[in-house]
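Enquirer: Supplied in structure tokens, the structure appears directly below.
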Amino acid sequence: MTKRISFSLNATDGKARTGVISTPRGDIRTPAFMPVGTAATVKAMMPESVRATGADILLGNTYHLMLRPTAERIDRLGGLHKFMNWERPILTDSGGFQVMSLAGLRKLTEEGVTFKSHIDGSKHELTPERSMEIQRLLGSDIVMCFDECPALPADRDRIVESMRLSMRWAERSKVAFGDRPGHALFGIQQGGLEADFREESAKALQDIGFDGYAIGGLAVGEGQEAMFGVLDYAPDMLPVDKPRYLMGVGKPDDIVGAVKRGVDMMDCVLPSRSGRTGQVFTRRGVVNIKNARHADDPRPLDETVDSPARNYSRAYLHHVFRSNEMIAGMLLTWHNLRYFQDIMDEMRHAIAEGRFDAWEQEFHAMRAMGDIEPL
């Protein structure tokens, strides 16, 4: 008998929570940050390197993988875990957000979305049933409902229409998902920045019943203040005994603010994308390695972050980045992913020990200091 995915809450401090999501492929310590492996790879990283940063789970992308190399091909080759050589848990998104943001000429109906591929213009259809089928073929451990997410700002009529469509799709997703021990299905709360729609959405999802609940439709251009405004109440609308996942977030201070408000899981391309563009996250804020001030600096980026980048000087990292050498993206991505996982680890300990507020104050104070003085 395959064990079912379960969630245990170990400690709370204010609204902040720490616990464990247990899956047949291993435990996910929460709060958890999930690196994004869009096309079955976290760019510039090997899977074993991603694991070495402290990641318990990766995110894969339904939209990209269905187009290339196709879910059917991945299934024939033994599933996504084997295909990308990552034996731990994988969460796949439903494809809805990418269809909104990437696909050309999309057409939305009650049935689903038809769209043209951003790769070759070929025509495809995504429905709740097809999204569940693709995610089953990929073999992902945590499957996301198929939803529709309007870009913000949008008027209330557009938001409520979209949210109610997503709730109907959530019900269809649940039916199509079926009973799959060892795999979990998460519902996605929608409703934009409107508290009454968020409440309606949360109730609809709980009536259907899911293994976990995501807060969707944020980090789509509304700004941190508006996002935190929603997070002040949205997680409280979701069940206490299930994981809460904030999709597509975010910068280090977004993550800390979300955990403070009761969120358990997050994902974002930021650490890897920034690493490839020369933006580095340190305890004292963001460093731009492109800047000339680093050209003669023999010091490391941040000696407290235990990644291979610590063995190289800022001068070297500046040089290889300026020279377009591959090692630059590799080292900076590894550093950023490790820094994000360090934050998660420190928050888990701080919550367990009842000192989250003190930890948070220190986190913000360090970042406010700014980067070390130039030599």
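Ordered as shown in the structure tokens, chains take letters A, B, and onward, while each chain numbers its residues from 1 and ligands are numbered from 1 in the order shown.
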May I have the residues within 9 Å of A:Met46 as a list in words, using only C-alpha atoms and disregarding those fewer than 5 positions away in the same chain?
Expert: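 Selected residues are Thr41, Arg51 and Asn85 of chain A.
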Enquirer: Sort by chain and increasing residue number a table of all residues of stretch 188-241 of chain A within 10 Å of stretch 15-36 of chain A, each with its closest pair of atoms and their distance in Å to one decimal, counting only C-alpha atoms, and write it as a Markdown table.
Expert:
| residue | atom | partner | partner_atom | distance |
| --- | --- | --- | --- | --- |
| A:Asp232 | CA | A:Lys15 | CA | 9.7 |
| A:Pro235 | CA | A:Lys15 | CA | 9.3 |
| A:Asp236 | CA | A:Lys15 | CA | 8.9 |
| A:Val240 | CA | A:Arg17 | CA | 9.9 |
Enquirer: Pick out the residues sitting within 10 Å of stretch 342-358 of chain A, and hand them over as a ChimeraX atom specification; count only C-alpha atoms, and ignore anything fewer than 3 positions along from it in its own chain.
Expert: /A:10-19,29-33,53-55,252,255-256,259-260,265,283,304-306,336-339,361-363
Enquirer: What's around A:Lys242 at 7 Å? Count only C-alpha atoms, leave out sequence neighbours fewer than 4 positions away in its own chain, and write the answer as a ChimeraX atom specification.
Expert: /A:7,211-212
Enquirer: Which is closest to A:Pro374 among A:Val287, A:Ile215, A:Met144, A:Met237, if we use only C-alpha atoms?
Expert: A:Val287
Enquirer: Please provide the set of residues having any atom within 7 Å of stretch 171-181 of chain A, restricted to only C-alpha atoms, with same-chain residues fewer than 2 positions apart removed, written as a list in words.
Expert: Thr2, Lys3, Arg4, Pro128, Glu129, Met132, Cys145, Phe146, Met167, Arg168, Trp169, His183 and Ile208 of chain A
Enquirer: Keeping only N, CA, C and O atoms, write the selected residues to a file as a short mmCIF file (atom, residue, chain, number, x, y, z; two decimals), in the first residue's frame.
Expert:
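Generated output (out19.cif):
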data_model
loop_
_atom_site.label_atom_id
_atom_site.label_comp_id
_atom_site.auth_asym_id
_atom_site.auth_seq_id
_atom_site.Cartn_x
_atom_site.Cartn_y
_atom_site.Cartn_z
N THR A 2 0.71 2.11 -1.01
CA THR A 2 1.49 3.34 -1.07
C THR A 2 1.02 4.29 0.01
O THR A 2 -0.18 4.49 0.19
N LYS A 3 2.00 4.87 0.73
CA LYS A 3 1.58 5.78 1.80
C LYS A 3 1.04 7.08 1.22
O LYS A 3 1.49 7.55 0.17
N ARG A 4 0.06 7.64 1.88
CA ARG A 4 -0.53 8.89 1.41
C ARG A 4 0.33 10.06 1.88
O ARG A 4 1.06 9.96 2.86
N PRO A 128 -9.11 21.21 -17.52
CA PRO A 128 -8.78 20.58 -16.24
C PRO A 128 -8.42 19.10 -16.41
O PRO A 128 -7.45 18.62 -15.79
N GLU A 129 -9.14 18.40 -17.26
CA GLU A 129 -8.89 16.97 -17.45
C GLU A 129 -7.53 16.73 -18.10
O GLU A 129 -6.78 15.83 -17.69
N MET A 132 -4.68 17.41 -15.63
CA MET A 132 -4.51 16.28 -14.70
C MET A 132 -3.81 15.11 -15.39
O MET A 132 -2.96 14.45 -14.79
N CYS A 145 -4.39 22.05 -9.29
CA CYS A 145 -5.62 22.21 -10.07
C CYS A 145 -5.38 23.15 -11.25
O CYS A 145 -4.58 24.06 -11.15
N PHE A 146 -6.14 22.94 -12.29
CA PHE A 146 -6.09 23.86 -13.44
C PHE A 146 -6.95 25.07 -13.11
O PHE A 146 -8.11 24.95 -12.72
N MET A 167 -13.10 27.84 -9.82
CA MET A 167 -13.72 26.92 -8.84
C MET A 167 -14.44 25.77 -9.56
O MET A 167 -14.40 24.63 -9.10
N ARG A 168 -15.06 26.08 -10.68
CA ARG A 168 -15.70 24.99 -11.47
C ARG A 168 -14.61 24.06 -12.04
O ARG A 168 -14.78 22.84 -12.06
N TRP A 169 -13.52 24.65 -12.47
CA TRP A 169 -12.39 23.85 -12.97
C TRP A 169 -11.74 23.04 -11.85
O TRP A 169 -11.27 21.93 -12.08
N HIS A 183 0.18 10.55 -4.11
CA HIS A 183 0.18 11.82 -4.84
C HIS A 183 -0.88 12.73 -4.21
O HIS A 183 -1.89 12.26 -3.71
N ILE A 208 -15.05 21.12 -1.89
CA ILE A 208 -14.57 20.08 -2.80
C ILE A 208 -13.61 19.15 -2.04
O ILE A 208 -13.71 17.93 -2.14
#
Enquirer: How would you write, as a VMD selection string, the set of residues in stretch 128-314 of chain A that DSSP gives as alpha helix (DSSP H)?
Expert: chain A and resid 128 to 138 156 to 177 195 to 208 224 to 231 252 to 260 270 to 276 314
Enquirer: Do you know which residues are at most 9 Å from A:Gly217 counting only C-alpha atoms, after dropping those on the same chain fewer than 4 positions away, and could you put them as a PDB file with N, CA, C and O atoms, in the first residue's frame?
Expert:
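Done, and the output landed in part.pdb:
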ATOM      1  N   PHE A  97      -1.124  29.567 -15.526  1.00  0.00           N
ATOM      2  CA  PHE A  97      -0.445  30.870 -15.461  1.00  0.00           C
ATOM      3  C   PHE A  97       0.391  31.116 -16.715  1.00  0.00           C
ATOM      4  O   PHE A  97       0.398  32.210 -17.272  1.00  0.00           O
ATOM      5  N   GLU A 148      -7.591  29.628 -13.790  1.00  0.00           N
ATOM      6  CA  GLU A 148      -7.404  30.794 -14.647  1.00  0.00           C
ATOM      7  C   GLU A 148      -7.065  31.964 -13.760  1.00  0.00           C
ATOM      8  O   GLU A 148      -7.693  32.177 -12.725  1.00  0.00           O
ATOM      9  N   CYS A 149      -6.036  32.695 -14.130  1.00  0.00           N
ATOM     10  CA  CYS A 149      -5.525  33.747 -13.252  1.00  0.00           C
ATOM     11  C   CYS A 149      -5.455  35.052 -14.033  1.00  0.00           C
ATOM     12  O   CYS A 149      -4.616  35.191 -14.920  1.00  0.00           O
ATOM     13  N   PRO A 150      -6.328  36.021 -13.739  1.00  0.00           N
ATOM     14  CA  PRO A 150      -6.262  37.288 -14.474  1.00  0.00           C
ATOM     15  C   PRO A 150      -5.094  38.143 -13.991  1.00  0.00           C
ATOM     16  O   PRO A 150      -4.745  38.110 -12.815  1.00  0.00           O
ATOM     17  N   ALA A 151      -4.464  38.866 -14.894  1.00  0.00           N
ATOM     18  CA  ALA A 151      -3.405  39.798 -14.497  1.00  0.00           C
ATOM     19  C   ALA A 151      -4.047  40.951 -13.729  1.00  0.00           C
ATOM     20  O   ALA A 151      -5.151  41.389 -14.059  1.00  0.00           O
ATOM     21  N   LEU A 152      -3.357  41.408 -12.687  1.00  0.00           N
ATOM     22  CA  LEU A 152      -3.862  42.568 -11.938  1.00  0.00           C
ATOM     23  C   LEU A 152      -3.180  43.828 -12.469  1.00  0.00           C
ATOM     24  O   LEU A 152      -2.062  43.763 -12.938  1.00  0.00           O
ATOM     25  N   ILE A 188      -6.528  25.861  -5.629  1.00  0.00           N
ATOM     26  CA  ILE A 188      -5.922  27.198  -5.697  1.00  0.00           C
ATOM     27  C   ILE A 188      -6.973  28.261  -5.427  1.00  0.00           C
ATOM     28  O   ILE A 188      -7.925  28.433  -6.189  1.00  0.00           O
ATOM     29  N   GLN A 189      -6.779  28.994  -4.336  1.00  0.00           N
ATOM     30  CA  GLN A 189      -7.662  30.110  -4.008  1.00  0.00           C
ATOM     31  C   GLN A 189      -7.388  31.272  -4.952  1.00  0.00           C
ATOM     32  O   GLN A 189      -6.243  31.639  -5.185  1.00  0.00           O
ATOM     33  N   GLN A 190      -8.458  31.842  -5.511  1.00  0.00           N
ATOM     34  CA  GLN A 190      -8.347  33.036  -6.340  1.00  0.00           C
ATOM     35  C   GLN A 190      -9.229  34.135  -5.750  1.00  0.00           C
ATOM     36  O   GLN A 190      -9.821  33.959  -4.699  1.00  0.00           O
ATOM     37  N   GLY A 191      -9.286  35.268  -6.442  1.00  0.00           N
ATOM     38  CA  GLY A 191     -10.114  36.366  -5.930  1.00  0.00           C
ATOM     39  C   GLY A 191      -9.413  37.702  -5.928  1.00  0.00           C
ATOM     40  O   GLY A 191      -9.915  38.667  -5.338  1.00  0.00           O
ATOM     41  N   GLY A 192      -8.234  37.764  -6.564  1.00  0.00           N
ATOM     42  CA  GLY A 192      -7.535  39.039  -6.666  1.00  0.00           C
ATOM     43  C   GLY A 192      -7.266  39.656  -5.309  1.00  0.00           C
ATOM     44  O   GLY A 192      -6.852  38.971  -4.368  1.00  0.00           O
ATOM     45  N   LEU A 193      -7.513  40.956  -5.198  1.00  0.00           N
ATOM     46  CA  LEU A 193      -7.273  41.672  -3.939  1.00  0.00           C
ATOM     47  C   LEU A 193      -8.578  41.875  -3.170  1.00  0.00           C
ATOM     48  O   LEU A 193      -8.642  42.701  -2.260  1.00  0.00           O
ATOM     49  N   MET A 247       1.976  30.958  -4.481  1.00  0.00           N
ATOM     50  CA  MET A 247       2.573  30.656  -5.780  1.00  0.00           C
ATOM     51  C   MET A 247       3.359  31.837  -6.337  1.00  0.00           C
ATOM     52  O   MET A 247       2.880  32.969  -6.351  1.00  0.00           O
TER      53      MET A 247
END
Enquirer: Can you list, as a tab-separated table (two decimals) with all heavy atoms, in the first residue's frame, every protein, DNA or RNA residue that comes within 10 Å of A:Tyr63 when you count only C-alpha atoms, leaving out same-chain residues fewer than 4 positions away?
Expert:
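File out_23.tsv, as written:
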chain	number	residue	atom	x	y	z
A	38	THR	N	11.84	24.70	-14.57
A	38	THR	CA	10.81	24.89	-15.61
A	38	THR	C	10.78	23.76	-16.62
A	38	THR	O	9.77	23.09	-16.81
A	38	THR	CB	11.05	26.23	-16.34
A	38	THR	OG1	11.01	27.28	-15.38
A	38	THR	CG2	9.99	26.48	-17.40
A	39	ALA	N	11.90	23.53	-17.30
A	39	ALA	CA	11.96	22.56	-18.39
A	39	ALA	C	12.70	21.30	-17.95
A	39	ALA	O	13.53	20.76	-18.66
A	39	ALA	CB	12.64	23.18	-19.61
A	67	LEU	N	4.70	20.95	-24.09
A	67	LEU	CA	5.09	21.38	-25.44
A	67	LEU	C	6.40	20.73	-25.87
A	67	LEU	O	6.59	20.37	-27.03
A	67	LEU	CB	5.23	22.91	-25.49
A	67	LEU	CG	3.95	23.72	-25.25
A	67	LEU	CD1	4.25	25.20	-25.30
A	67	LEU	CD2	2.87	23.36	-26.27
A	68	ARG	N	7.33	20.60	-24.93
A	68	ARG	CA	8.65	20.06	-25.24
A	68	ARG	C	9.27	19.51	-23.97
A	68	ARG	O	9.40	20.27	-23.02
A	68	ARG	CB	9.52	21.21	-25.82
A	68	ARG	CG	10.89	20.80	-26.29
A	68	ARG	CD	11.58	21.93	-27.05
A	68	ARG	NE	11.76	23.13	-26.22
A	68	ARG	CZ	12.13	24.32	-26.70
A	68	ARG	NH1	12.31	24.49	-28.00
A	68	ARG	NH2	12.30	25.35	-25.89
A	70	THR	N	7.23	16.87	-24.39
A	70	THR	CA	5.88	16.30	-24.26
A	70	THR	C	5.81	15.36	-23.05
A	70	THR	O	6.77	14.64	-22.74
A	70	THR	CB	5.33	15.56	-25.51
A	70	THR	OG1	5.95	14.28	-25.63
A	70	THR	CG2	5.50	16.41	-26.78
A	71	ALA	N	4.65	15.39	-22.41
A	71	ALA	CA	4.43	14.55	-21.23
A	71	ALA	C	4.44	13.07	-21.61
A	71	ALA	O	4.91	12.22	-20.84
A	71	ALA	CB	3.10	14.91	-20.57
A	92	THR	N	4.18	20.04	-9.68
A	92	THR	CA	4.00	20.64	-11.00
A	92	THR	C	2.85	21.63	-10.95
A	92	THR	O	1.81	21.35	-10.36
A	92	THR	CB	3.72	19.58	-12.09
A	92	THR	OG1	2.75	18.65	-11.60
A	92	THR	CG2	4.97	18.86	-12.51
A	93	ASP	N	3.06	22.78	-11.57
A	93	ASP	CA	1.96	23.73	-11.69
A	93	ASP	C	1.01	23.25	-12.79
A	93	ASP	O	1.33	22.32	-13.52
A	93	ASP	CB	2.48	25.15	-11.94
A	93	ASP	CG	3.28	25.25	-13.22
A	93	ASP	OD1	3.19	24.34	-14.07
A	93	ASP	OD2	4.02	26.24	-13.38
A	94	SER	N	-0.13	23.89	-12.91
A	94	SER	CA	-1.17	23.35	-13.80
A	94	SER	C	-1.03	23.80	-15.25
A	94	SER	O	-1.67	23.25	-16.13
A	94	SER	CB	-2.54	23.78	-13.30
A	94	SER	OG	-2.69	25.19	-13.48
A	95	GLY	N	-0.22	24.82	-15.50
A	95	GLY	CA	-0.09	25.36	-16.84
A	95	GLY	C	-0.91	26.61	-17.07
A	95	GLY	O	-0.69	27.34	-18.04
A	96	GLY	N	-1.86	26.88	-16.19
A	96	GLY	CA	-2.77	28.02	-16.39
A	96	GLY	C	-2.07	29.36	-16.44
A	96	GLY	O	-2.36	30.19	-17.30
A	97	PHE	N	-1.12	29.57	-15.53
A	97	PHE	CA	-0.44	30.87	-15.46
A	97	PHE	C	0.39	31.12	-16.71
A	97	PHE	O	0.40	32.21	-17.27
A	97	PHE	CB	0.43	30.94	-14.21
A	97	PHE	CG	1.19	32.25	-14.10
A	97	PHE	CD1	0.54	33.40	-13.67
A	97	PHE	CD2	2.52	32.33	-14.45
A	97	PHE	CE1	1.21	34.61	-13.58
A	97	PHE	CE2	3.21	33.54	-14.37
A	97	PHE	CZ	2.55	34.69	-13.94
A	98	GLN	N	1.11	30.08	-17.19
A	98	GLN	CA	1.95	30.25	-18.38
A	98	GLN	C	1.10	30.50	-19.62
A	98	GLN	O	1.50	31.26	-20.49
A	98	GLN	CB	2.85	29.03	-18.60
A	98	GLN	CG	4.13	29.09	-17.81
A	98	GLN	CD	3.91	28.85	-16.34
A	98	GLN	OE1	2.93	28.20	-15.97
A	98	GLN	NE2	4.77	29.38	-15.51
A	99	VAL	N	-0.04	29.84	-19.69
A	99	VAL	CA	-0.93	30.10	-20.83
A	99	VAL	C	-1.32	31.58	-20.84
A	99	VAL	O	-1.30	32.25	-21.87
A	99	VAL	CB	-2.18	29.20	-20.78
A	99	VAL	CG1	-3.22	29.66	-21.80
A	99	VAL	CG2	-1.80	27.75	-21.05
A	102	LEU	N	2.36	33.57	-21.52
A	102	LEU	CA	3.27	33.27	-22.63
A	102	LEU	C	2.59	32.97	-23.95
A	102	LEU	O	3.10	33.32	-25.01
A	102	LEU	CB	4.15	32.06	-22.26
A	102	LEU	CG	5.21	32.24	-21.19
A	102	LEU	CD1	5.93	30.92	-20.98
A	102	LEU	CD2	6.21	33.32	-21.59
A	103	ALA	N	1.48	32.28	-23.89
A	103	ALA	CA	0.90	31.75	-25.12
A	103	ALA	C	0.31	32.86	-25.98
A	103	ALA	O	-0.19	33.86	-25.48
A	103	ALA	CB	-0.17	30.73	-24.80
A	117	SER	N	1.36	27.62	-29.24
A	117	SER	CA	2.65	27.45	-28.58
A	117	SER	C	3.56	28.64	-28.85
A	117	SER	O	3.64	29.13	-29.98
A	117	SER	CB	3.32	26.17	-29.10
A	117	SER	OG	4.71	26.21	-28.86
A	126	LEU	N	-5.75	23.11	-23.34
A	126	LEU	CA	-5.60	22.69	-21.95
A	126	LEU	C	-6.95	22.80	-21.28
A	126	LEU	O	-7.59	23.85	-21.31
A	126	LEU	CB	-4.58	23.58	-21.22
A	126	LEU	CG	-3.18	23.01	-20.94
A	126	LEU	CD1	-2.38	24.01	-20.12
A	126	LEU	CD2	-3.23	21.67	-20.22
A	131	SER	N	-4.93	18.79	-18.08
A	131	SER	CA	-3.88	19.18	-17.13
A	131	SER	C	-3.61	18.05	-16.12
A	131	SER	O	-2.45	17.74	-15.82
A	131	SER	CB	-4.28	20.46	-16.38
A	131	SER	OG	-3.31	20.80	-15.42
A	134	ILE	N	-1.69	15.26	-17.99
A	134	ILE	CA	-0.28	15.61	-18.20
A	134	ILE	C	0.50	15.43	-16.89
A	134	ILE	O	1.58	14.83	-16.88
A	134	ILE	CB	-0.14	17.07	-18.70
A	134	ILE	CG1	-0.68	17.19	-20.13
A	134	ILE	CG2	1.32	17.52	-18.66
A	134	ILE	CD1	-0.87	18.63	-20.59
Enquirer: Considering only strand (DSSP E) as DSSP defines it on the backbone, what residues of stretch 39-131 of chain A qualify? List them as a list in words.
Expert: Leu58, Leu59, Gly60, Asn61, Ile90, Leu91, Thr92, Asp93, Gly104, Leu105, Arg106, Lys107, Leu108, Val113, Thr114, Phe115, Lys116, Lys123, His124, Glu125 and Leu126 of chain A
Enquirer: How would the residues just picked look written out with N, CA and C atoms as an mmCIF file, in the first residue's frame?
Expert:
data_model
loop_
_atom_site.group_PDB
_atom_site.id
_atom_site.type_symbol
_atom_site.label_atom_id
_atom_site.label_comp_id
_atom_site.auth_asym_id
_atom_site.auth_seq_id
_atom_site.Cartn_x
_atom_site.Cartn_y
_atom_site.Cartn_z
ATOM 1 N N LEU A 58 11.319 20.248 -5.779
ATOM 2 C CA LEU A 58 11.457 21.125 -6.944
ATOM 3 C C LEU A 58 10.089 21.350 -7.579
ATOM 4 N N LEU A 59 10.008 22.419 -8.388
ATOM 5 C CA LEU A 59 8.802 22.678 -9.157
ATOM 6 C C LEU A 59 9.076 22.442 -10.640
ATOM 7 N N GLY A 60 8.171 21.712 -11.289
ATOM 8 C CA GLY A 60 8.239 21.519 -12.734
ATOM 9 C C GLY A 60 7.066 22.217 -13.400
ATOM 10 N N ASN A 61 7.177 22.418 -14.717
ATOM 11 C CA ASN A 61 6.216 23.271 -15.384
ATOM 12 C C ASN A 61 5.409 22.532 -16.447
ATOM 13 N N ILE A 90 8.462 16.322 -6.397
ATOM 14 C CA ILE A 90 8.287 17.358 -7.423
ATOM 15 C C ILE A 90 6.841 17.842 -7.364
ATOM 16 N N LEU A 91 6.667 19.150 -7.397
ATOM 17 C CA LEU A 91 5.350 19.756 -7.558
ATOM 18 C C LEU A 91 5.278 20.294 -8.987
ATOM 19 N N THR A 92 4.183 20.038 -9.680
ATOM 20 C CA THR A 92 4.004 20.638 -10.998
ATOM 21 C C THR A 92 2.854 21.627 -10.953
ATOM 22 N N ASP A 93 3.061 22.782 -11.569
ATOM 23 C CA ASP A 93 1.958 23.731 -11.687
ATOM 24 C C ASP A 93 1.015 23.248 -12.791
ATOM 25 N N GLY A 104 0.389 32.666 -27.286
ATOM 26 C CA GLY A 104 -0.211 33.628 -28.203
ATOM 27 C C GLY A 104 -1.651 33.226 -28.520
ATOM 28 N N LEU A 105 -2.457 34.222 -28.816
ATOM 29 C CA LEU A 105 -3.814 33.975 -29.316
ATOM 30 C C LEU A 105 -4.576 32.930 -28.510
ATOM 31 N N ARG A 106 -4.706 33.146 -27.221
ATOM 32 C CA ARG A 106 -5.418 32.146 -26.422
ATOM 33 C C ARG A 106 -6.913 32.435 -26.457
ATOM 34 N N LYS A 107 -7.683 31.373 -26.382
ATOM 35 C CA LYS A 107 -9.140 31.503 -26.357
ATOM 36 C C LYS A 107 -9.673 30.753 -25.147
ATOM 37 N N LEU A 108 -10.391 31.477 -24.305
ATOM 38 C CA LEU A 108 -10.882 30.941 -23.041
ATOM 39 C C LEU A 108 -12.360 30.609 -23.164
ATOM 40 N N VAL A 113 -8.818 26.163 -22.251
ATOM 41 C CA VAL A 113 -8.114 27.197 -23.009
ATOM 42 C C VAL A 113 -7.486 26.577 -24.249
ATOM 43 N N THR A 114 -7.708 27.179 -25.396
ATOM 44 C CA THR A 114 -6.941 26.804 -26.590
ATOM 45 C C THR A 114 -5.936 27.917 -26.834
ATOM 46 N N PHE A 115 -4.742 27.533 -27.249
ATOM 47 C CA PHE A 115 -3.681 28.529 -27.402
ATOM 48 C C PHE A 115 -2.663 28.054 -28.428
ATOM 49 N N LYS A 116 -1.843 29.009 -28.859
ATOM 50 C CA LYS A 116 -0.750 28.679 -29.763
ATOM 51 C C LYS A 116 0.554 28.637 -28.985
ATOM 52 N N LYS A 123 -1.056 24.534 -32.318
ATOM 53 C CA LYS A 123 -2.267 24.775 -31.537
ATOM 54 C C LYS A 123 -2.449 23.680 -30.481
ATOM 55 N N HIS A 124 -2.821 24.074 -29.279
ATOM 56 C CA HIS A 124 -3.005 23.123 -28.170
ATOM 57 C C HIS A 124 -4.246 23.502 -27.372
ATOM 58 N N GLU A 125 -4.741 22.515 -26.630
ATOM 59 C CA GLU A 125 -5.855 22.780 -25.721
ATOM 60 C C GLU A 125 -5.493 22.285 -24.331
ATOM 61 N N LEU A 126 -5.750 23.108 -23.341
ATOM 62 C CA LEU A 126 -5.595 22.693 -21.948
ATOM 63 C C LEU A 126 -6.951 22.801 -21.276
#
Enquirer: Point out the residue among A:Ala184, A:Ala315, A:Ala204, A:Val280 with the least atom-to-atom distance to A:Asp302, counting only C-alpha atoms.
Expert: A:Val280
